[in-house]
$ cat my_file-v3.txt   # compact mmCIF, C-alpha atoms and all ligand atoms
# COMPACT_ATOMS: atom_id res chain seq x y z
CA MET A 1 -56.82 60.78 6.63
CA SER A 2 -60.04 58.77 6.80
CA TYR A 3 -63.51 58.83 8.32
CA LYS A 4 -62.35 55.95 10.51
CA GLU A 5 -59.90 58.22 12.33
CA GLY A 6 -60.45 60.73 15.12
CA MET A 7 -60.90 64.28 13.83
CA LEU A 8 -60.61 66.76 16.69
CA LEU A 9 -57.43 68.19 18.21
CA PRO A 10 -56.11 66.30 21.24
CA ASP A 11 -57.47 67.81 24.49
CA ALA A 12 -60.46 69.30 22.60
CA LEU A 13 -62.71 68.16 25.48
CA LYS A 14 -60.21 68.48 28.32
CA GLU A 15 -61.83 69.11 31.71
CA GLN A 16 -65.32 68.78 30.24
CA THR A 17 -67.62 66.50 32.20
CA ILE A 18 -69.93 64.61 29.86
CA VAL A 19 -72.89 62.46 30.91
CA VAL A 20 -73.71 59.78 28.35
CA THR A 21 -76.95 57.83 28.76
CA GLY A 22 -76.75 54.33 27.31
CA GLY A 23 -72.97 54.80 27.42
CA GLY A 24 -72.13 51.15 28.09
CA THR A 25 -72.92 49.76 24.64
CA GLY A 26 -73.12 50.50 20.93
CA LEU A 27 -72.95 54.07 19.71
CA GLY A 28 -73.05 55.52 23.23
CA LYS A 29 -69.93 53.57 24.11
CA SER A 30 -68.13 54.65 20.92
CA MET A 31 -68.96 58.32 21.44
CA ALA A 32 -68.01 58.11 25.14
CA ALA A 33 -64.69 56.44 24.33
CA TYR A 34 -63.79 59.19 21.85
CA PHE A 35 -64.80 61.96 24.30
CA SER A 36 -62.48 60.34 26.85
CA GLU A 37 -59.68 60.16 24.28
CA LEU A 38 -60.13 63.92 23.85
CA GLY A 39 -59.68 64.48 27.58
CA ALA A 40 -63.24 64.47 28.94
CA ASN A 41 -64.36 63.21 32.35
CA LEU A 42 -67.12 60.71 31.68
CA VAL A 43 -70.27 59.65 33.48
CA ILE A 44 -71.90 56.69 31.76
CA THR A 45 -75.26 55.33 32.83
CA SER A 46 -77.81 52.66 31.84
CA ARG A 47 -79.68 49.88 33.63
CA ARG A 48 -76.97 47.18 33.57
CA ILE A 49 -74.11 48.00 35.94
CA GLU A 50 -71.93 45.05 34.89
CA ILE A 51 -71.89 46.26 31.26
CA LEU A 52 -71.10 49.79 32.39
CA GLU A 53 -68.24 48.58 34.56
CA GLU A 54 -66.72 46.60 31.70
CA THR A 55 -66.96 49.63 29.40
CA ALA A 56 -65.53 51.99 32.03
CA LYS A 57 -62.56 49.65 32.59
CA GLU A 58 -61.91 49.41 28.85
CA ILE A 59 -62.03 53.18 28.36
CA ILE A 60 -59.85 53.99 31.38
CA GLU A 61 -57.26 51.44 30.25
CA SER A 62 -57.20 52.98 26.81
CA THR A 63 -57.22 56.73 27.63
CA GLY A 64 -56.21 57.04 31.30
CA ASN A 65 -59.02 59.55 31.89
CA PRO A 66 -61.67 59.10 34.60
CA VAL A 67 -65.00 57.33 33.97
CA HIS A 68 -67.72 57.18 36.61
CA CYS A 69 -70.38 54.56 35.97
CA THR A 70 -73.69 54.26 37.73
CA ALA A 71 -76.86 52.26 37.06
CA CYS A 72 -80.08 54.13 36.39
CA ASP A 73 -83.38 53.59 34.66
CA ILE A 74 -83.84 56.88 32.85
CA ARG A 75 -87.62 56.48 33.02
CA ASN A 76 -87.39 57.25 36.75
CA TYR A 77 -86.80 60.94 37.61
CA GLU A 78 -85.42 60.26 41.11
CA GLN A 79 -82.79 57.92 39.66
CA VAL A 80 -81.88 60.53 37.06
CA GLU A 81 -81.44 63.20 39.76
CA ARG A 82 -79.22 60.80 41.70
CA VAL A 83 -76.97 60.32 38.64
CA MET A 84 -76.73 64.08 38.24
CA ASN A 85 -75.76 64.53 41.90
CA GLU A 86 -73.19 61.73 41.69
CA ALA A 87 -71.66 63.35 38.60
CA LYS A 88 -71.36 66.67 40.40
CA GLU A 89 -69.84 65.04 43.50
CA GLU A 90 -67.33 63.19 41.36
CA PHE A 91 -66.32 65.98 38.96
CA GLY A 92 -67.69 69.24 40.47
CA LYS A 93 -69.97 70.06 37.52
CA ILE A 94 -71.57 68.71 34.34
CA ASP A 95 -70.77 70.44 31.05
CA VAL A 96 -72.48 68.23 28.48
CA LEU A 97 -75.50 65.92 28.45
CA LEU A 98 -75.71 63.31 25.69
CA ASN A 99 -79.18 61.77 25.56
CA ASN A 100 -78.36 58.57 23.69
CA ALA A 101 -80.20 55.73 25.49
CA ALA A 102 -83.14 54.23 23.60
CA GLY A 103 -85.44 51.25 23.33
CA ASN A 104 -86.94 49.99 20.11
CA PHE A 105 -88.25 46.93 18.26
CA VAL A 106 -90.05 46.26 14.99
CA SER A 107 -93.69 45.26 15.00
CA PRO A 108 -96.92 45.94 13.14
CA THR A 109 -98.52 48.58 15.38
CA GLU A 110 -101.81 46.70 15.78
CA ARG A 111 -99.88 43.84 17.39
CA LEU A 112 -98.48 46.04 20.16
CA SER A 113 -99.92 46.12 23.65
CA HIS A 114 -100.31 49.57 25.18
CA ARG A 115 -97.54 48.56 27.60
CA ALA A 116 -95.19 47.84 24.70
CA PHE A 117 -95.96 51.31 23.25
CA ASP A 118 -95.39 52.92 26.68
CA THR A 119 -92.09 51.09 27.11
CA VAL A 120 -90.45 52.59 24.02
CA VAL A 121 -91.94 56.07 24.46
CA ASP A 122 -90.95 56.11 28.14
CA ILE A 123 -87.33 55.16 27.46
CA VAL A 124 -86.85 57.47 24.50
CA LEU A 125 -88.98 60.53 25.24
CA ARG A 126 -89.48 60.46 29.02
CA GLY A 127 -85.87 59.35 29.55
CA SER A 128 -84.56 62.24 27.43
CA TYR A 129 -86.75 64.89 29.04
CA ASN A 130 -86.06 63.55 32.55
CA PHE A 131 -82.32 64.05 32.05
CA THR A 132 -82.75 67.34 30.19
CA LEU A 133 -84.96 68.76 32.93
CA ALA A 134 -82.79 67.61 35.84
CA VAL A 135 -79.49 68.77 34.33
CA GLY A 136 -80.94 71.89 32.66
CA LYS A 137 -82.57 73.16 35.89
CA ASN A 138 -79.31 72.60 37.70
CA TRP A 139 -77.34 74.57 35.11
CA ILE A 140 -79.83 77.43 35.29
CA GLU A 141 -79.89 77.49 39.11
CA ASN A 142 -76.08 77.58 39.21
CA LYS A 143 -75.81 80.11 36.37
CA GLN A 144 -73.69 77.63 34.48
CA SER A 145 -73.68 77.24 30.72
CA GLY A 146 -74.29 73.80 29.22
CA ASN A 147 -74.63 71.77 26.07
CA ILE A 148 -77.22 69.13 25.21
CA LEU A 149 -76.87 66.65 22.37
CA ASN A 150 -79.76 64.31 21.56
CA ILE A 151 -79.57 61.24 19.36
CA VAL A 152 -82.69 60.95 17.21
CA THR A 153 -83.28 59.16 13.88
CA THR A 154 -84.11 60.30 10.36
CA TYR A 155 -87.68 59.00 10.75
CA ALA A 156 -88.16 61.55 13.54
CA TRP A 157 -89.43 63.90 10.79
CA THR A 158 -90.75 61.45 8.19
CA GLY A 159 -92.33 58.92 10.59
CA SER A 160 -91.98 55.22 9.83
CA GLY A 161 -94.26 52.23 9.88
CA TYR A 162 -93.32 49.23 12.06
CA VAL A 163 -91.41 51.37 14.59
CA VAL A 164 -94.27 53.74 15.44
CA PRO A 165 -93.58 54.15 19.20
CA SER A 166 -89.97 55.00 18.41
CA ALA A 167 -90.99 57.42 15.63
CA CYS A 168 -93.45 59.21 17.98
CA ALA A 169 -90.87 59.43 20.75
CA LYS A 170 -87.96 60.53 18.57
CA SER A 171 -90.06 63.30 17.01
CA GLY A 172 -90.84 64.44 20.55
CA VAL A 173 -87.11 64.57 21.27
CA LEU A 174 -86.57 66.51 18.06
CA ALA A 175 -89.24 69.04 19.11
CA MET A 176 -87.58 69.36 22.52
CA THR A 177 -84.18 69.93 20.88
CA LYS A 178 -85.43 72.81 18.75
CA SER A 179 -87.68 74.32 21.43
CA LEU A 180 -85.00 74.46 24.12
CA ALA A 181 -82.38 75.69 21.66
CA VAL A 182 -84.36 78.92 21.62
CA GLU A 183 -85.78 79.01 25.15
CA TRP A 184 -82.56 78.17 27.01
CA ALA A 185 -80.06 80.01 24.80
CA LYS A 186 -80.39 82.97 27.17
CA TYR A 187 -78.87 80.78 29.91
CA GLY A 188 -75.94 79.78 27.71
CA ILE A 189 -77.39 76.33 27.04
CA ARG A 190 -77.15 74.97 23.51
CA SER A 191 -79.27 72.09 22.23
CA ASN A 192 -78.57 70.06 19.08
CA ALA A 193 -79.28 66.60 17.71
CA ILE A 194 -77.79 63.98 15.45
CA ALA A 195 -79.96 61.79 13.22
CA PRO A 196 -77.93 58.68 12.36
CA GLY A 197 -78.77 56.29 9.57
CA PRO A 198 -77.82 52.62 9.92
CA PHE A 199 -74.78 52.04 12.15
CA PRO A 200 -74.27 48.39 13.10
CA THR A 201 -74.70 47.76 16.82
CA GLU A 202 -75.76 44.61 18.59
CA GLY A 203 -78.62 46.47 20.31
CA ALA A 204 -80.16 47.91 17.14
CA TRP A 205 -79.50 44.98 14.80
CA SER A 206 -80.96 42.39 17.20
CA ARG A 207 -84.16 44.40 17.61
CA LEU A 208 -84.64 45.91 14.16
CA LEU A 209 -83.44 42.98 12.06
CA PRO A 210 -84.48 40.02 14.21
CA GLY A 211 -84.24 36.39 13.03
CA SER A 212 -83.92 35.96 9.28
CA LEU A 213 -84.55 39.68 8.57
CA GLU A 214 -80.82 40.40 8.77
CA LYS A 215 -80.17 37.98 5.88
CA LYS A 216 -83.12 39.22 3.80
CA TYR A 217 -82.59 42.94 4.31
CA ASP A 218 -79.14 44.47 3.97
CA PRO A 219 -79.31 48.06 5.36
CA ALA A 220 -76.30 49.11 3.24
CA LYS A 221 -78.37 48.54 0.07
CA SER A 222 -80.62 51.52 0.80
CA VAL A 223 -77.70 53.87 1.42
CA PRO A 224 -76.56 55.79 -1.71
CA VAL A 225 -72.92 55.82 -0.56
CA GLY A 226 -73.17 52.03 -0.45
CA ARG A 227 -72.22 51.26 3.12
CA VAL A 228 -73.38 51.47 6.72
CA GLY A 229 -71.87 54.02 9.11
CA SER A 230 -68.61 53.68 10.97
CA HIS A 231 -68.79 54.44 14.70
CA GLN A 232 -65.80 56.80 14.52
CA GLU A 233 -67.48 59.10 12.00
CA LEU A 234 -70.47 59.46 14.32
CA ALA A 235 -68.14 60.00 17.30
CA ASN A 236 -66.31 62.73 15.33
CA LEU A 237 -69.58 64.56 14.67
CA ALA A 238 -70.75 64.18 18.27
CA ALA A 239 -67.41 65.41 19.66
CA TYR A 240 -67.59 68.47 17.41
CA LEU A 241 -71.16 69.26 18.48
CA VAL A 242 -70.41 68.96 22.20
CA SER A 243 -67.18 70.98 21.90
CA ASP A 244 -66.74 74.72 21.82
CA TYR A 245 -65.76 74.49 18.13
CA SER A 246 -69.50 74.38 17.37
CA ALA A 247 -70.41 77.28 19.69
CA TYR A 248 -72.58 78.99 17.01
CA ILE A 249 -74.58 75.83 16.17
CA ASN A 250 -77.81 75.71 18.14
CA GLY A 251 -81.12 73.98 17.36
CA GLU A 252 -79.59 71.98 14.50
CA VAL A 253 -80.16 68.35 13.63
CA VAL A 254 -77.31 66.86 11.66
CA THR A 255 -78.15 63.83 9.56
CA ILE A 256 -75.37 61.29 9.12
CA ASP A 257 -76.82 58.53 6.97
CA GLY A 258 -74.98 58.46 3.60
CA GLY A 259 -78.12 59.88 1.97
CA GLU A 260 -80.36 57.02 3.12
CA TRP A 261 -83.53 58.91 3.98
CA LEU A 262 -83.45 61.01 0.81
CA HIS A 263 -83.03 57.80 -1.14
CA GLY A 264 -86.38 56.66 0.26
CA ALA A 265 -87.96 60.09 -0.29
CA GLY A 266 -87.15 60.91 -3.96
CA SER A 267 -90.06 59.68 -6.11
CA PHE A 268 -87.85 58.47 -8.96
CA ASN A 269 -84.86 57.15 -7.06
CA ARG A 270 -86.08 53.61 -7.63
CA LEU A 271 -85.21 54.03 -11.31
CA GLU A 272 -81.67 53.11 -10.29
CA ALA A 273 -82.91 49.53 -10.76
CA ILE A 274 -83.16 50.17 -14.52
CA PRO A 275 -80.15 48.64 -16.32
CA GLU A 276 -78.00 50.71 -18.73
CA GLU A 277 -79.28 48.64 -21.71
CA LEU A 278 -82.86 49.68 -21.00
CA TRP A 279 -81.83 53.39 -20.84
CA ASP A 280 -79.99 52.82 -24.17
CA ALA A 281 -83.09 51.26 -25.69
CA MET A 282 -85.29 54.13 -24.49
CA GLU A 283 -82.82 56.68 -25.87
CA THR A 284 -82.73 54.91 -29.24
CA ALA A 285 -86.53 54.77 -29.37
CA ARG A 286 -86.70 58.50 -28.51
CA SER A 287 -84.15 59.43 -31.22
CA LYS A 288 -86.04 57.39 -33.81
CA LYS A 289 -89.31 59.08 -32.88
CA LYS A 290 -87.64 62.50 -33.11
CA GLY A 291 -86.14 61.51 -36.52
CA SER A 292 -89.49 60.37 -37.89
CA LYS A 293 -91.09 63.74 -36.91
CA ALA A 294 -88.45 65.73 -38.83
C1 LIG F 301 -93.63 43.49 20.56
C2 LIG F 301 -92.62 43.72 22.63
C3 LIG F 301 -91.36 43.38 22.06
C4 LIG F 301 -91.31 43.09 20.66
C5 LIG F 301 -91.08 43.75 24.18
N1 LIG F 301 -92.39 43.94 23.93
N2 LIG F 301 -90.43 43.42 23.05
N3 LIG F 301 -93.75 43.79 21.89
N4 LIG F 301 -92.47 43.16 19.95
N5 LIG F 301 -90.18 42.77 20.07
C6 LIG F 301 -93.43 44.27 24.89
C7 LIG F 301 -93.52 43.26 26.01
O1 LIG F 301 -94.31 42.14 25.65
C8 LIG F 301 -94.16 44.09 27.13
O2 LIG F 301 -95.55 44.26 26.93
C9 LIG F 301 -93.55 45.46 26.93
O3 LIG F 301 -93.10 45.51 25.55
C10 LIG F 301 -92.35 45.71 27.83
O4 LIG F 301 -91.41 44.66 27.61
P1 LIG F 301 -90.22 44.36 28.62
O5 LIG F 301 -89.38 43.29 28.01
O6 LIG F 301 -90.77 44.16 30.00
O7 LIG F 301 -89.48 45.79 28.63
P2 LIG F 301 -88.06 46.21 29.19
O8 LIG F 301 -87.43 45.10 30.00
O9 LIG F 301 -88.23 47.55 29.78
O10 LIG F 301 -87.14 46.29 27.84
C11 LIG F 301 -87.31 47.35 26.92
C12 LIG F 301 -87.20 46.87 25.46
C13 LIG F 301 -85.87 46.09 25.25
C14 LIG F 301 -87.29 48.12 24.59
C15 LIG F 301 -88.35 45.94 25.15
O11 LIG F 301 -85.75 45.70 23.89
C16 LIG F 301 -84.67 46.90 25.64
O12 LIG F 301 -84.24 46.87 26.80
N6 LIG F 301 -84.12 47.70 24.70
C17 LIG F 301 -82.96 48.60 24.97
C18 LIG F 301 -81.99 48.66 23.84
C19 LIG F 301 -82.58 48.89 22.47
O13 LIG F 301 -83.77 48.71 22.22
N7 LIG F 301 -81.70 49.25 21.54
C20 LIG F 301 -82.05 49.53 20.17
C21 LIG F 301 -82.08 50.98 19.90
S1 LIG F 301 -82.04 51.10 18.17
P3 LIG F 301 -96.65 43.35 27.70
O14 LIG F 301 -97.95 43.86 27.17
O15 LIG F 301 -96.35 41.93 27.32
O16 LIG F 301 -96.45 43.63 29.16
C22 LIG F 301 -82.80 52.42 17.63
C23 LIG F 301 -82.47 52.65 16.16
C24 LIG F 301 -83.44 53.55 15.47
O17 LIG F 301 -83.47 53.10 18.31
C25 LIG F 301 -83.20 53.78 13.98
C26 LIG F 301 -82.50 52.77 13.13
C27 LIG F 301 -82.29 53.18 11.69
P1 LIG F 302 -77.90 50.10 22.01
O1 LIG F 302 -76.48 49.66 22.10
O2 LIG F 302 -78.98 49.12 22.30
O3 LIG F 302 -78.06 51.37 22.95
C1 LIG F 302 -79.18 51.65 23.74
C2 LIG F 302 -78.70 51.94 25.15
O4 LIG F 302 -79.78 52.46 25.92
C3 LIG F 302 -78.17 50.70 25.88
O5 LIG F 302 -76.89 51.00 26.40
C4 LIG F 302 -79.17 50.48 27.02
O6 LIG F 302 -78.49 49.98 28.17
C5 LIG F 302 -79.70 51.90 27.21
N1 LIG F 302 -81.05 51.89 27.79
C6 LIG F 302 -82.15 51.32 27.27
N2 LIG F 302 -83.19 51.48 28.10
C7 LIG F 302 -82.74 52.20 29.16
C8 LIG F 302 -83.34 52.69 30.35
N3 LIG F 302 -84.64 52.49 30.61
N4 LIG F 302 -82.57 53.38 31.22
C9 LIG F 302 -81.25 53.60 30.97
N5 LIG F 302 -80.63 53.17 29.86
C10 LIG F 302 -81.37 52.47 28.97
O7 LIG F 302 -78.23 50.69 20.57
P2 LIG F 302 -77.49 51.78 19.65
O8 LIG F 302 -77.68 51.35 18.26
O9 LIG F 302 -76.13 52.06 20.15
O10 LIG F 302 -78.40 53.07 19.88
C11 LIG F 302 -77.89 54.27 20.45
C12 LIG F 302 -78.72 55.45 19.99
O11 LIG F 302 -78.59 55.62 18.59
C13 LIG F 302 -80.21 55.34 20.26
O12 LIG F 302 -80.73 56.59 20.60
C14 LIG F 302 -80.78 54.91 18.93
O13 LIG F 302 -82.12 55.26 18.77
C15 LIG F 302 -79.87 55.73 18.02
N6 LIG F 302 -79.83 55.26 16.64
C16 LIG F 302 -79.15 54.13 16.34
C17 LIG F 302 -79.07 53.73 15.01
C18 LIG F 302 -78.29 52.50 14.59
O14 LIG F 302 -78.32 52.17 13.41
N7 LIG F 302 -77.60 51.84 15.48
C19 LIG F 302 -79.70 54.49 14.03
C20 LIG F 302 -80.41 55.64 14.39
C21 LIG F 302 -80.45 56.03 15.71
P3 LIG F 302 -79.18 49.02 29.26
O15 LIG F 302 -79.85 47.93 28.52
O16 LIG F 302 -78.04 48.62 30.13
O17 LIG F 302 -80.15 49.89 30.00

$ encode --input "my_file-v3.txt" --output "structure tokens" --more "lines below"
Ligand code: HXC
Ligand code: NAP
Amino acid sequence: MSYKEGMLLPDALKEQTIVVTGGGTGLGKSMAAYFSELGANLVITSRRIEILEETAKEIIESTGNPVHCTACDIRNYEQVERVMNEAKEEFGKIDVLLNNAAGNFVSPTERLSHRAFDTVVDIVLRGSYNFTLAVGKNWIENKQSGNILNIVTTYAWTGSGYVVPSACAKSGVLAMTKSLAVEWAKYGIRSNAIAPGPFPTEGAWSRLLPGSLEKKYDPAKSVPVGRVGSHQELANLAAYLVSDYSAYINGEVVTIDGGEWLHGAGSFNRLEAIPEELWDAMETARSKKKGSKA
């Protein structure tokens, strides 16, 4: 048994239709592939149809379950509604919405144009509320229950320099998660989020550790458990949260980061840099002082 293996019972998501935004690459692809392995019907969407088609082919070959792929810019509400209608035509209904698509890059904030700021906020926040509103209204109109899972980040609550548009947008998504968990529970709609720490993906690494940054800054070094995340452990958590096993979890944000954000938060955590010999020397000095007082 290992965190690199699937965790849920086979067929845990059988006959569930799950829409995954940004499902052609990275973490979206890994979560989608595991949902399919557990029996789900998938709808994956992002801007690049050729990437989606490759991913769909790969998943279908591996699991034998259906994957519908369709291009959409989640910033555009009409395109989002079209994806929702296609999903319903293909599979009859949508059961789960996974808001995973995002845009991000590192930059000192004063170097950003207002268009650059808009770009990230529009993909992350507008894209997530566009899908939530379209699918949520449809569930309510049809008196159908539903389940929303949003992917945020740990800096959604702490904020972070150098990724300020992303931090603003992810905290908006976090607020939406918690607000709708209460407001829409009466319609049988749950709303939860996952806050991942560093999980290697081409999309994130190329934008957050561009150029020589990847060599200079090893993300695993700031994680107390000493490693970056494995896609399967995130997929296990996501599958649990979108399944009926988690029916009593609503409005929760589950952090999966090996303790990374707390490592940055604890005032004295940096003392881990102190070698054992220095602790020994301090202890000896303290004992001597105590001895001289007696
Ligand atoms: C400063 C930048 C920039 C950069 C783009 N812009 N990249 N500014 N630094 N690195 C500016 C442009 O100059 C332009 O402003 C405006 O942003 C829009 O740029 P476009 O290239 O036209 O945007 P678009 O084609 O829509 O692409 C969006 C994108 C791109 C966000 C810029 O990187 C993308 O498609 N990303 C999707 C995938 C992604 O980002 N994945 C990583 C998620 S990782 P001007 O003023 O010139 O018009 C993540 C992890 C979080 O979220 C937590 C980790 C621990
Ligand atoms: P990724 O592979 O770059 O995923 C981002 C996805 O969003 C891509 O598939 C992209 O596809 C899609 N997308 C971007 N703009 C879009 C738009 N306007 N319309 C539709 N789709 C769009 O990066 P990732 O690392 O897997 O990130 C997935 C999620 O995890 C994101 O929410 C990210 O913030 C979160 N996260 C990641 C990490 C990490 O360490 N990797 C840590 C914390 C949180 P197209 O380019 O084809 O549109």

$ residues_near_ligand --input "my_file-v3.txt" --ligand "ligand LIG 302 (chain F)" --cutoff "7 Å" --atoms "all atoms listed in the file" --output "PyMOL selection string"
chain A and resi 21-28+45-48+51+72-75+100-103+123+151-153+195-204

$ closest_residue --input "my_file-v3.txt" --among "A:Ala265, A:Leu208, A:Ala238, A:Cys69" --to "Thr158 in chain A" --atoms "only C-alpha atoms"
A:Ala265

$ residues_around --input "my_file-v3.txt" --residues "Ala116 in chain A" --least-positions-apart "5" --cutoff "12 Å" --atoms "all atoms listed in the file" --output "list in words"
Gly103, Asn104, Phe105, Val106, Ser107, Pro108, Thr109, Glu110, Arg111, Val121, Asp122, Ile123, Val163, Val164, Pro165 and Ser166 of chain A

$ write_last_selection --input "my_file-v3.txt" --atoms "C-alpha atoms" --output "mmCIF file, keeping the file's coordinate frame"
data_model
loop_
_atom_site.group_PDB
_atom_site.id
_atom_site.type_symbol
_atom_site.label_atom_id
_atom_site.label_comp_id
_atom_site.auth_asym_id
_atom_site.auth_seq_id
_atom_site.Cartn_x
_atom_site.Cartn_y
_atom_site.Cartn_z
ATOM 1 C CA GLY A 103 -85.440 51.250 23.330
ATOM 2 C CA ASN A 104 -86.940 49.990 20.110
ATOM 3 C CA PHE A 105 -88.250 46.930 18.260
ATOM 4 C CA VAL A 106 -90.050 46.260 14.990
ATOM 5 C CA SER A 107 -93.690 45.260 15.000
ATOM 6 C CA PRO A 108 -96.920 45.940 13.140
ATOM 7 C CA THR A 109 -98.520 48.580 15.380
ATOM 8 C CA GLU A 110 -101.810 46.700 15.780
ATOM 9 C CA ARG A 111 -99.880 43.840 17.390
ATOM 10 C CA VAL A 121 -91.940 56.070 24.460
ATOM 11 C CA ASP A 122 -90.950 56.110 28.140
ATOM 12 C CA ILE A 123 -87.330 55.160 27.460
ATOM 13 C CA VAL A 163 -91.410 51.370 14.590
ATOM 14 C CA VAL A 164 -94.270 53.740 15.440
ATOM 15 C CA PRO A 165 -93.580 54.150 19.200
ATOM 16 C CA SER A 166 -89.970 55.000 18.410
#

$ closest_residue --input "my_file-v3.txt" --among "A:Glu5, A:Glu272, A:Asp280, A:Glu15" --to "Val96 in chain A" --atoms "only C-alpha atoms"
A:Glu15

$ closest_residue --input "my_file-v3.txt" --among "A:Ala56, A:Ala239, A:Leu149, A:Val83" --to "Asp11 in chain A" --atoms "all atoms listed in the file"
A:Ala239
